[in-house]
file start.cif (mmCIF, C-alpha atoms (C1' of nucleotides))
data_query
#
loop_
_atom_site.group_PDB
_atom_site.id
_atom_site.type_symbol
_atom_site.label_atom_id
_atom_site.label_comp_id
_atom_site.auth_asym_id
_atom_site.auth_seq_id
_atom_site.Cartn_x
_atom_site.Cartn_y
_atom_site.Cartn_z
ATOM 1 C CA MET A 1495 -25.479 -173.400 5.984
ATOM 2 C CA PRO A 1496 -25.160 -169.849 4.829
ATOM 3 C CA GLU A 1497 -27.674 -169.756 1.994
ATOM 4 C CA LEU A 1498 -29.552 -166.740 0.642
ATOM 5 C CA PRO A 1499 -31.438 -165.925 3.883
ATOM 6 C CA GLU A 1500 -28.294 -165.994 5.995
ATOM 7 C CA ILE A 1501 -26.399 -163.668 3.659
ATOM 8 C CA GLU A 1502 -29.388 -161.324 3.465
ATOM 9 C CA VAL A 1503 -29.617 -161.262 7.271
ATOM 10 C CA LEU A 1504 -25.891 -160.553 7.415
ATOM 11 C CA ARG A 1505 -26.239 -157.758 4.868
ATOM 12 C CA ARG A 1506 -29.096 -156.094 6.743
ATOM 13 C CA SER A 1507 -27.305 -156.332 10.084
ATOM 14 C CA LEU A 1508 -24.095 -154.810 8.746
ATOM 15 C CA GLU A 1509 -25.588 -152.141 6.501
ATOM 16 C CA PRO A 1510 -26.475 -149.522 9.159
ATOM 17 C CA ARG A 1511 -23.194 -150.132 10.951
ATOM 18 C CA LEU A 1512 -20.941 -149.924 7.906
ATOM 19 C CA LEU A 1513 -22.432 -147.277 5.620
ATOM 20 C CA GLY A 1514 -20.210 -144.201 5.627
ATOM 21 C CA ARG A 1515 -17.402 -145.908 7.554
ATOM 22 C CA ARG A 1516 -13.897 -145.583 6.167
ATOM 23 C CA ILE A 1517 -11.582 -148.581 5.900
ATOM 24 C CA VAL A 1518 -8.297 -147.570 7.490
ATOM 25 C CA GLY A 1519 -6.493 -150.912 7.610
ATOM 26 C CA VAL A 1520 -6.472 -154.243 5.799
ATOM 27 C CA GLU A 1521 -5.075 -157.291 7.621
ATOM 28 C CA VAL A 1522 -4.595 -160.569 5.760
ATOM 29 C CA HIS A 1523 -3.589 -163.368 8.122
ATOM 30 C CA THR A 1524 -4.064 -166.446 5.936
ATOM 31 C CA PRO A 1525 -2.653 -166.989 2.440
ATOM 32 C CA ALA A 1526 -5.639 -168.859 1.045
ATOM 33 C CA LEU A 1527 -9.248 -169.653 1.698
ATOM 34 C CA ARG A 1528 -10.914 -171.550 -1.121
ATOM 35 C CA GLU A 1529 -9.054 -169.131 -3.360
ATOM 36 C CA PRO A 1530 -5.797 -167.321 -2.533
ATOM 37 C CA LEU A 1531 -6.256 -164.015 -0.703
ATOM 38 C CA ASP A 1532 -4.688 -161.210 -2.750
ATOM 39 C CA ARG A 1533 -3.274 -158.963 -0.045
ATOM 40 C CA ARG A 1534 -2.017 -156.298 -2.454
ATOM 41 C CA ALA A 1535 -5.288 -155.998 -4.349
ATOM 42 C CA LEU A 1536 -7.297 -155.887 -1.127
ATOM 43 C CA ARG A 1537 -5.067 -153.100 0.220
ATOM 44 C CA ARG A 1538 -4.892 -151.133 -3.008
ATOM 45 C CA ARG A 1539 -8.630 -151.223 -3.670
ATOM 46 C CA LEU A 1540 -9.988 -150.873 -0.134
ATOM 47 C CA GLN A 1541 -7.582 -149.026 2.150
ATOM 48 C CA GLY A 1542 -8.665 -145.438 2.750
ATOM 49 C CA GLN A 1543 -12.003 -145.891 0.982
ATOM 50 C CA SER A 1544 -15.488 -145.232 2.380
ATOM 51 C CA ILE A 1545 -18.234 -147.830 2.380
ATOM 52 C CA LEU A 1546 -21.018 -146.783 0.009
ATOM 53 C CA ALA A 1547 -23.430 -149.727 -0.197
ATOM 54 C CA LEU A 1548 -23.996 -153.335 0.844
ATOM 55 C CA ARG A 1549 -25.590 -155.628 -1.718
ATOM 56 C CA ARG A 1550 -26.181 -159.331 -2.041
ATOM 57 C CA ARG A 1551 -25.907 -161.467 -5.161
ATOM 58 C CA SER A 1552 -26.721 -165.145 -4.671
ATOM 59 C CA LYS A 1553 -24.814 -166.175 -1.531
ATOM 60 C CA TYR A 1554 -22.192 -163.462 -1.958
ATOM 61 C CA LEU A 1555 -22.051 -160.198 -0.013
ATOM 62 C CA TRP A 1556 -20.874 -157.163 -1.959
ATOM 63 C CA ILE A 1557 -19.444 -154.245 0.024
ATOM 64 C CA GLU A 1558 -19.062 -151.349 -2.395
ATOM 65 C CA VAL A 1559 -16.536 -148.668 -1.538
ATOM 66 C CA SER A 1560 -15.505 -145.310 -2.934
ATOM 67 C CA GLY A 1561 -12.894 -145.289 -5.665
ATOM 68 C CA GLY A 1562 -14.767 -147.792 -7.826
ATOM 69 C CA SER A 1563 -14.071 -151.046 -6.003
ATOM 70 C CA THR A 1564 -16.150 -153.692 -4.236
ATOM 71 C CA LEU A 1565 -15.181 -156.170 -1.551
ATOM 72 C CA VAL A 1566 -16.771 -159.551 -2.259
ATOM 73 C CA VAL A 1567 -17.214 -162.061 0.578
ATOM 74 C CA HIS A 1568 -18.588 -165.608 0.479
ATOM 75 C CA LEU A 1569 -18.976 -167.427 3.792
ATOM 76 C CA GLY A 1570 -18.529 -170.916 2.368
ATOM 77 C CA MET A 1571 -19.747 -173.378 4.967
ATOM 78 C CA SER A 1572 -18.462 -172.052 8.257
ATOM 79 C CA GLY A 1573 -17.693 -168.378 7.685
ATOM 80 C CA ARG A 1574 -18.647 -165.484 9.924
ATOM 81 C CA LEU A 1575 -18.243 -161.811 9.108
ATOM 82 C CA THR A 1576 -18.656 -159.761 12.280
ATOM 83 C CA LEU A 1577 -17.894 -156.338 13.687
ATOM 84 C CA ALA A 1578 -15.531 -156.492 16.640
ATOM 85 C CA PRO A 1579 -15.113 -153.611 19.073
ATOM 86 C CA ALA A 1580 -11.832 -151.724 19.195
ATOM 87 C CA GLY A 1581 -9.159 -153.691 21.008
ATOM 88 C CA ALA A 1582 -10.860 -157.075 20.662
ATOM 89 C CA PRO A 1583 -8.217 -159.799 20.346
ATOM 90 C CA ARG A 1584 -7.875 -161.793 17.153
ATOM 91 C CA GLU A 1585 -10.102 -164.845 17.255
ATOM 92 C CA ALA A 1586 -9.249 -168.367 16.173
ATOM 93 C CA HIS A 1587 -9.528 -168.856 12.392
ATOM 94 C CA GLU A 1588 -9.670 -165.131 11.750
ATOM 95 C CA HIS A 1589 -8.240 -164.867 8.240
ATOM 96 C CA LEU A 1590 -8.965 -161.330 7.161
ATOM 97 C CA ALA A 1591 -9.921 -158.118 8.947
ATOM 98 C CA PHE A 1592 -10.599 -154.487 8.077
ATOM 99 C CA GLY A 1593 -9.884 -151.703 10.553
ATOM 100 C CA LEU A 1594 -12.540 -148.985 10.415
ATOM 101 C CA ASP A 1595 -12.373 -145.291 11.284
ATOM 102 C CA SER A 1596 -14.711 -146.036 14.211
ATOM 103 C CA GLY A 1597 -11.999 -148.190 15.756
ATOM 104 C CA GLU A 1598 -14.032 -151.331 15.140
ATOM 105 C CA ARG A 1599 -12.766 -154.209 13.032
ATOM 106 C CA LEU A 1600 -14.769 -156.075 10.431
ATOM 107 C CA ARG A 1601 -13.373 -159.573 10.538
ATOM 108 C CA LEU A 1602 -13.818 -162.819 8.642
ATOM 109 C CA ARG A 1603 -13.548 -166.047 10.605
ATOM 110 C CA ASP A 1604 -13.868 -169.319 8.714
ATOM 111 C CA PRO A 1605 -12.602 -172.530 10.363
ATOM 112 C CA ARG A 1606 -13.112 -174.697 7.304
ATOM 113 C CA ARG A 1607 -11.794 -172.108 4.855
ATOM 114 C CA PHE A 1608 -14.406 -172.780 2.198
ATOM 115 C CA GLY A 1609 -15.054 -169.059 1.990
ATOM 116 C CA ILE A 1610 -13.938 -166.516 -0.590
ATOM 117 C CA ALA A 1611 -12.860 -162.883 -0.284
ATOM 118 C CA PHE A 1612 -11.556 -160.561 -2.968
ATOM 119 C CA ALA A 1613 -11.700 -156.970 -4.154
ATOM 120 C CA ALA A 1614 -12.601 -156.117 -7.736
ATOM 121 C CA PRO A 1615 -13.691 -153.149 -9.849
ATOM 122 C CA THR A 1616 -17.388 -152.554 -9.179
ATOM 123 C CA ALA A 1617 -18.111 -151.927 -12.845
ATOM 124 C CA ALA A 1618 -16.706 -155.335 -13.810
ATOM 125 C CA LEU A 1619 -18.536 -157.482 -11.244
ATOM 126 C CA ALA A 1620 -21.219 -158.624 -13.658
ATOM 127 C CA ARG A 1621 -18.504 -160.061 -15.905
ATOM 128 C CA ASP A 1622 -16.542 -161.608 -13.039
ATOM 129 C CA PRO A 1623 -16.374 -165.419 -13.377
ATOM 130 C CA HIS A 1624 -17.960 -165.797 -9.931
ATOM 131 C CA PHE A 1625 -21.109 -164.050 -11.131
ATOM 132 C CA ALA A 1626 -21.321 -164.218 -14.921
ATOM 133 C CA GLY A 1627 -23.137 -167.547 -15.061
ATOM 134 C CA LEU A 1628 -25.444 -167.119 -12.100
ATOM 135 C CA GLY A 1629 -29.191 -167.571 -12.420
ATOM 136 C CA ARG A 1630 -32.282 -165.774 -11.206
ATOM 137 C CA GLU A 1631 -32.581 -164.194 -7.764
ATOM 138 C CA PRO A 1632 -35.669 -165.845 -6.250
ATOM 139 C CA LEU A 1633 -36.894 -162.797 -4.303
ATOM 140 C CA ASP A 1634 -36.316 -159.736 -6.465
ATOM 141 C CA PRO A 1635 -38.853 -159.818 -7.799
ATOM 142 C CA PRO A 1636 -40.557 -162.785 -6.137
ATOM 143 C CA LEU A 1637 -40.505 -165.799 -8.407
ATOM 144 C CA ALA A 1638 -43.762 -167.102 -9.893
ATOM 145 C CA GLY A 1639 -44.653 -170.526 -11.278
ATOM 146 C CA PRO A 1640 -44.385 -169.915 -15.030
ATOM 147 C CA GLU A 1641 -40.975 -168.332 -14.716
ATOM 148 C CA LEU A 1642 -39.665 -171.115 -12.472
ATOM 149 C CA SER A 1643 -40.946 -173.600 -15.033
ATOM 150 C CA ALA A 1644 -39.144 -171.675 -17.774
ATOM 151 C CA LEU A 1645 -35.891 -171.781 -15.768
ATOM 152 C CA ALA A 1646 -36.127 -175.579 -15.871
ATOM 153 C CA ARG A 1647 -36.304 -175.805 -19.664
ATOM 154 C CA GLY A 1648 -34.269 -178.768 -20.890
ATOM 155 C CA CYS A 1649 -33.676 -179.957 -17.321
ATOM 156 C CA ARG A 1650 -34.556 -183.505 -16.313
ATOM 157 C CA ALA A 1651 -32.825 -183.438 -12.958
ATOM 158 C CA PRO A 1652 -34.524 -184.353 -9.687
ATOM 159 C CA ALA A 1653 -36.390 -181.415 -8.160
ATOM 160 C CA LYS A 1654 -33.848 -181.175 -5.341
ATOM 161 C CA ALA A 1655 -30.914 -180.856 -7.751
ATOM 162 C CA PHE A 1656 -32.807 -178.351 -9.907
ATOM 163 C CA LEU A 1657 -33.476 -176.051 -6.942
ATOM 164 C CA MET A 1658 -29.774 -176.124 -6.038
ATOM 165 C CA ASP A 1659 -28.523 -175.426 -9.576
ATOM 166 C CA ALA A 1660 -27.191 -171.878 -9.271
ATOM 167 C CA LYS A 1661 -26.967 -171.496 -13.037
ATOM 168 C CA ARG A 1662 -30.750 -171.509 -13.080
ATOM 169 C CA LEU A 1663 -31.805 -170.264 -9.633
ATOM 170 C CA VAL A 1664 -29.472 -168.868 -6.969
ATOM 171 C CA GLY A 1665 -29.549 -168.812 -3.203
ATOM 172 C CA VAL A 1666 -31.248 -172.123 -2.455
ATOM 173 C CA GLY A 1667 -28.906 -174.578 -0.751
ATOM 174 C CA ASN A 1668 -29.403 -177.947 0.853
ATOM 175 C CA ILE A 1669 -31.513 -176.828 3.800
ATOM 176 C CA TYR A 1670 -33.954 -174.568 1.948
ATOM 177 C CA ALA A 1671 -34.253 -176.978 -0.974
ATOM 178 C CA SER A 1672 -35.590 -179.656 1.393
ATOM 179 C CA GLU A 1673 -37.859 -177.164 3.167
ATOM 180 C CA SER A 1674 -39.235 -175.722 -0.084
ATOM 181 C CA LEU A 1675 -40.010 -179.155 -1.521
ATOM 182 C CA PHE A 1676 -41.822 -180.105 1.667
ATOM 183 C CA ALA A 1677 -43.862 -176.890 1.573
ATOM 184 C CA ALA A 1678 -44.764 -177.597 -2.063
ATOM 185 C CA GLY A 1679 -45.566 -181.281 -1.491
ATOM 186 C CA ILE A 1680 -43.045 -182.439 -4.111
ATOM 187 C CA HIS A 1681 -40.808 -185.466 -3.630
ATOM 188 C CA PRO A 1682 -37.102 -184.477 -3.840
ATOM 189 C CA ALA A 1683 -36.362 -187.245 -6.366
ATOM 190 C CA ARG A 1684 -39.166 -186.299 -8.763
ATOM 191 C CA SER A 1685 -37.806 -185.156 -12.114
ATOM 192 C CA VAL A 1686 -38.691 -181.606 -13.103
ATOM 193 C CA ALA A 1687 -39.024 -182.677 -16.740
ATOM 194 C CA ARG A 1688 -42.803 -183.021 -16.536
ATOM 195 C CA LEU A 1689 -44.201 -181.038 -13.599
ATOM 196 C CA SER A 1690 -47.725 -179.685 -13.893
ATOM 197 C CA ALA A 1691 -48.299 -175.923 -13.955
ATOM 198 C CA ALA A 1692 -50.011 -176.237 -10.573
ATOM 199 C CA ARG A 1693 -46.925 -177.876 -9.097
ATOM 200 C CA TRP A 1694 -44.618 -175.235 -10.567
ATOM 201 C CA ARG A 1695 -46.815 -172.587 -9.008
ATOM 202 C CA ARG A 1696 -46.741 -174.298 -5.625
ATOM 203 C CA LEU A 1697 -42.980 -174.728 -5.806
ATOM 204 C CA ALA A 1698 -42.359 -171.076 -6.691
ATOM 205 C CA VAL A 1699 -44.603 -169.917 -3.853
ATOM 206 C CA ALA A 1700 -42.886 -172.344 -1.476
ATOM 207 C CA VAL A 1701 -39.373 -171.178 -2.360
ATOM 208 C CA VAL A 1702 -40.299 -167.523 -1.901
ATOM 209 C CA GLU A 1703 -42.169 -168.105 1.353
ATOM 210 C CA VAL A 1704 -39.512 -170.335 2.903
ATOM 211 C CA LEU A 1705 -36.719 -167.874 2.078
ATOM 212 C CA GLU A 1706 -38.703 -164.883 3.350
ATOM 213 C CA ARG A 1707 -39.677 -166.660 6.566
ATOM 214 C CA ALA A 1708 -36.065 -167.642 7.148
ATOM 215 C CA ILE A 1709 -34.924 -164.044 6.661
ATOM 216 C CA ARG A 1710 -37.547 -162.844 9.154
ATOM 217 C CA ALA A 1711 -36.296 -165.450 11.644
ATOM 218 C CA GLY A 1712 -32.719 -164.196 11.348
ATOM 219 C CA GLY A 1713 -31.555 -167.192 9.314
ATOM 220 C CA THR A 1714 -30.773 -170.766 10.327
ATOM 221 C CA THR A 1715 -28.005 -171.304 12.868
ATOM 222 C CA LEU A 1716 -27.095 -174.981 13.076
ATOM 223 C CA ASN A 1717 -23.464 -174.496 14.057
ATOM 224 C CA ASP A 1718 -21.700 -171.491 12.685
ATOM 225 C CA PHE A 1719 -23.972 -168.826 11.295
ATOM 226 C CA ALA A 1720 -24.232 -165.452 12.988
ATOM 227 C CA ASP A 1721 -25.164 -162.020 11.677
ATOM 228 C CA GLY A 1722 -22.755 -159.091 11.644
ATOM 229 C CA THR A 1723 -23.291 -158.467 15.356
ATOM 230 C CA GLY A 1724 -22.678 -162.096 16.294
ATOM 231 C CA ALA A 1725 -26.372 -162.882 16.846
ATOM 232 C CA ALA A 1726 -27.607 -166.370 15.946
ATOM 233 C CA GLY A 1727 -30.732 -166.964 13.867
ATOM 234 C CA TYR A 1728 -33.631 -169.095 14.990
ATOM 235 C CA PHE A 1729 -35.191 -170.534 11.826
ATOM 236 C CA GLN A 1730 -33.717 -173.923 12.834
ATOM 237 C CA VAL A 1731 -36.642 -174.339 15.250
ATOM 238 C CA GLU A 1732 -39.071 -173.779 12.339
ATOM 239 C CA LEU A 1733 -37.488 -176.337 10.016
ATOM 240 C CA ALA A 1734 -40.207 -178.808 9.049
ATOM 241 C CA VAL A 1735 -38.069 -181.652 7.718
ATOM 242 C CA TYR A 1736 -34.385 -180.726 7.465
ATOM 243 C CA GLY A 1737 -32.326 -182.729 9.966
ATOM 244 C CA ARG A 1738 -35.448 -184.406 11.342
ATOM 245 C CA GLU A 1739 -35.132 -187.985 10.073
ATOM 246 C CA GLY A 1740 -37.453 -190.254 12.052
ATOM 247 C CA GLU A 1741 -39.409 -187.405 13.609
ATOM 248 C CA PRO A 1742 -43.113 -187.001 12.792
ATOM 249 C CA CYS A 1743 -44.072 -184.849 9.836
ATOM 250 C CA PRO A 1744 -45.571 -181.615 11.218
ATOM 251 C CA ARG A 1745 -48.435 -181.921 8.720
ATOM 252 C CA CYS A 1746 -49.410 -185.623 8.760
ATOM 253 C CA GLY A 1747 -47.336 -187.300 11.448
ATOM 254 C CA ALA A 1748 -45.593 -189.810 9.172
ATOM 255 C CA ALA A 1749 -41.911 -190.421 9.970
ATOM 256 C CA ILE A 1750 -39.634 -188.088 8.037
ATOM 257 C CA ARG A 1751 -37.117 -189.841 5.814
ATOM 258 C CA ARG A 1752 -33.594 -189.055 4.688
ATOM 259 C CA LEU A 1753 -32.425 -189.667 1.137
ATOM 260 C CA VAL A 1754 -28.934 -189.126 -0.278
ATOM 261 C CA GLN A 1755 -28.898 -187.282 -3.611
ATOM 262 C CA SER A 1756 -25.689 -186.096 -5.261
ATOM 263 C CA ASN A 1757 -23.895 -186.914 -2.000
ATOM 264 C CA ARG A 1758 -26.209 -184.580 -0.054
ATOM 265 C CA SER A 1759 -28.887 -185.403 2.474
ATOM 266 C CA SER A 1760 -32.460 -184.638 1.475
ATOM 267 C CA PHE A 1761 -35.230 -184.810 4.062
ATOM 268 C CA TYR A 1762 -38.857 -185.332 3.125
ATOM 269 C CA CYS A 1763 -42.211 -186.674 4.249
ATOM 270 C CA PRO A 1764 -43.053 -189.869 2.331
ATOM 271 C CA ARG A 1765 -46.776 -189.195 2.655
ATOM 272 C CA CYS A 1766 -46.984 -185.442 1.921
ATOM 273 C CA GLN A 1767 -44.414 -185.377 -0.888
ATOM 274 C CA ARG A 1768 -45.042 -187.286 -4.098
ATOM 275 C "C1'" DC B 772 -23.907 -181.257 -22.432
ATOM 276 C "C1'" DG B 773 -26.571 -182.636 -18.412
ATOM 277 C "C1'" DG B 774 -25.928 -184.630 -14.259
ATOM 278 C "C1'" DG B 775 -23.486 -187.375 -10.701
ATOM 279 C "C1'" DC B 776 -19.823 -187.322 -7.653
ATOM 280 C "C1'" DG B 777 -15.240 -186.439 -5.295
ATOM 281 C "C1'" DG B 778 -12.414 -183.101 -3.048
ATOM 282 C "C1'" DC B 779 -11.462 -179.074 -0.549
ATOM 283 C "C1'" DC B 780 -11.413 -178.243 5.024
ATOM 284 C "C1'" DT B 781 -12.185 -178.568 10.264
ATOM 285 C "C1'" DG B 782 -15.043 -179.285 14.316
ATOM 286 C "C1'" DG B 783 -18.292 -181.881 16.564
ATOM 287 C "C1'" DA B 784 -20.719 -186.134 17.420
ATOM 288 C "C1'" DG B 785 -20.847 -190.857 18.275
ATOM 289 C "C1'" DG B 786 -18.848 -195.565 18.794
ATOM 290 C "C1'" DC B 787 -15.764 -198.474 21.230
ATOM 291 C "C1'" DT C 423 -10.832 -190.440 28.721
ATOM 292 C "C1'" DG C 424 -9.025 -190.834 24.109
ATOM 293 C "C1'" DC C 425 -8.806 -192.346 19.570
ATOM 294 C "C1'" DC C 426 -11.046 -193.188 15.371
ATOM 295 C "C1'" DT C 427 -14.480 -192.492 11.807
ATOM 296 C "C1'" DC C 428 -18.044 -190.079 9.860
ATOM 297 C "C1'" DC C 429 -20.691 -186.212 8.667
ATOM 298 C "C1'" DA C 430 -21.903 -181.386 7.735
ATOM 299 C "C1'" DG C 431 -22.528 -178.710 2.553
ATOM 300 C "C1'" DG C 432 -21.101 -174.465 -1.276
ATOM 301 C "C1'" DC C 433 -18.865 -174.821 -5.246
ATOM 302 C "C1'" DC C 434 -15.634 -176.332 -8.809
ATOM 303 C "C1'" DG C 435 -13.716 -179.725 -11.705
ATOM 304 C "C1'" DC C 436 -13.732 -184.169 -13.469
ATOM 305 C "C1'" DC C 437 -15.939 -187.868 -15.666
ATOM 306 C "C1'" DC C 438 -19.484 -190.642 -18.011
#

call {"tool": "encode", "arguments": {"input": "start.cif", "output": "structure tokens"}}
result
Amino acid sequence: MPELPEIEVLRRSLEPRLLGRRIVGVEVHTPALREPLDRRALRRRLQGQSILALRRRSKYLWIEVSGGSTLVVHLGMSGRLTLAPAGAPREAHEHLAFGLDSGERLRLRDPRRFGIAFAAPTAALARDPHFAGLGREPLDPPLAGPELSALARGCRAPAKAFLMDAKRLVGVGNIYASESLFAAGIHPARSVARLSAARWRRLAVAVVEVLERAIRAGGTTLNDFADGTGAAGYFQVELAVYGREGEPCPRCGAAIRRLVQSNRSSFYCPRCQR
DNA sequence: CGGGCGGCCTGGAGGC
DNA sequence: TGCCTCCAGGCCGCCC
């Protein structure tokens, strides 16, 4: 669920509330999310430091602090990173929290524990294994057809799998892959090995537009996602095909179908997508 | 080496 | 009402 738009919405919601704040306490409640939480490194790198910048890379949030370190957070499937007022009780599945000089607490809740959190030297992030092999950011600058086509060089995968291959293009997960392919009129099972230039152009435009619209709508909240203030997004009401098997296509009225690819559900219109 | 797929994990939905 | 099964999907590792 948290794909690029959700993390960007989270980043924008937290940025004005966190910039300049000082981290006064680091609480680690759970030994491991998807990776072990390193309590000592989190404390050593973050405690007492001021928050300088919030950035996003792929589906990761980077919170850069003074002293040369950055806190990296990935929400996995069910994570929430929210600011809690002073004195708020610990919530269920709260694994990690940072006390701030404002008295608030920045806390990570993640029932399914697919998330990731660690602190690392800012200067070494580009070489960090989490980031070294990542592909192109689709929005900065906005992707165009020829470049998307070039990213697919040597790739014969179905279009759905290509869009979700973070080594080539980051940020597009299961929901926005289905939505982008619908917007471009491309069948999710079509191989990208021989797509026309016109189709590459339509796909690039579709990816950029879908992601930007989702950001403007505050992201997609199906179950878990909320921004840093706890607010849900509302792009779920604008989804054209995702999760709508059997419903009429918003463009042509044909029944939307579901297809399983790589153990993931893809949704598409059999008439509009070829 | 590209690509498919299982596993990690829990809550919620649906069937009986 | 309660128990069971299934499903959700980001990402890594395994396998063909």

call {"tool": "resolve_selection", "arguments": {"input": "start.cif", "expression": "the PyMOL selection byres ((chain A) within 7 of (chain B))", "output": "list in words"}}
result
Pro1605, Arg1606, Arg1607, Phe1608, Ser1756 and Asn1757 of chain A

call {"tool": "write_last_selection", "arguments": {"input": "start.cif", "atoms": "C-alpha atoms", "output": "PDB file, in the frame of the given file"}}
result
ATOM      1  CA  PRO A1605     -12.602-172.530  10.363  1.00  0.00           C
ATOM      2  CA  ARG A1606     -13.112-174.697   7.304  1.00  0.00           C
ATOM      3  CA  ARG A1607     -11.794-172.108   4.855  1.00  0.00           C
ATOM      4  CA  PHE A1608     -14.406-172.780   2.198  1.00  0.00           C
ATOM      5  CA  SER A1756     -25.689-186.096  -5.261  1.00  0.00           C
ATOM      6  CA  ASN A1757     -23.895-186.914  -2.000  1.00  0.00           C
TER       7      ASN A1757
END

call {"tool": "resolve_selection", "arguments": {"input": "start.cif", "expression": "the PyMOL selection byres ((chain C) within 12 of (chain A))", "output": "list in words"}}
result
DC429, DA430, DG431, DG432, DC433 and DC434 of chain C

call {"tool": "atom_distance", "arguments": {"input": "start.cif", "atom1": "C1' of DC436 in chain C", "atom2": "CA of Leu1498 in chain A"}}
result
27.4 Å

call {"tool": "residues_around", "arguments": {"input": "start.cif", "residues": "range 1731-1736 of chain A", "least_positions_apart": "4", "cutoff": "7 Å", "atoms": "all atoms listed in the file", "output": "compact mmCIF listing (two decimals) with C-alpha atoms, keeping the file's coordinate frame"}}
result
# COMPACT_ATOMS: atom_id res chain seq x y z
CA ILE A 1669 -31.51 -176.83 3.80
CA SER A 1672 -35.59 -179.66 1.39
CA GLU A 1673 -37.86 -177.16 3.17
CA PRO A 1744 -45.57 -181.62 11.22
CA ILE A 1750 -39.63 -188.09 8.04
CA PHE A 1761 -35.23 -184.81 4.06
CA TYR A 1762 -38.86 -185.33 3.12

call {"tool": "residues_around", "arguments": {"input": "start.cif", "residues": "Arg1768 in chain A", "least_positions_apart": "6", "cutoff": "7 Å", "atoms": "all atoms listed in the file", "output": "list in words"}}
result
Gly1679, Ile1680 and His1681 of chain A

call {"tool": "residues_around", "arguments": {"input": "start.cif", "residues": "Asp1604 in chain A", "least_positions_apart": "6", "cutoff": "7 Å", "atoms": "only C-alpha atoms (C1' of nucleotides)", "output": "PyMOL selection string"}}
result
chain A and resi 1572-1574+1587-1588

call {"tool": "atom_distance", "arguments": {"input": "start.cif", "atom1": "CA of Glu1741 in chain A", "atom2": "C1' of DT427 in chain C"}}
result
25.5 Å

call {"tool": "atom_distance", "arguments": {"input": "start.cif", "atom1": "CA of Pro1530 in chain A", "atom2": "CA of Ala1613 in chain A"}}
result
12.0 Å

call {"tool": "resolve_selection", "arguments": {"input": "start.cif", "expression": "the PyMOL selection byres ((chain A and resi 1547) around 9)", "output": "PyMOL selection string"}}
result
chain A and resi 1509+1512-1514+1545-1546+1548-1549+1556-1559

call {"tool": "residues_around", "arguments": {"input": "start.cif", "residues": "Glu1585 in chain A", "least_positions_apart": "6", "cutoff": "12 Å", "atoms": "all atoms listed in the file", "output": "MDAnalysis selection string"}}
result
chainID A and resid 1523 1574:1576 1578 1591 1599 1601:1605

call {"tool": "residues_around", "arguments": {"input": "start.cif", "residues": "Leu1689 in chain A", "least_positions_apart": "6", "cutoff": "12 Å", "atoms": "only C-alpha atoms (C1' of nucleotides)", "output": "MDAnalysis selection string"}}
result
chainID A and resid 1639:1640 1642:1644 1646:1647 1649:1653 1680:1681 1695:1697 1768
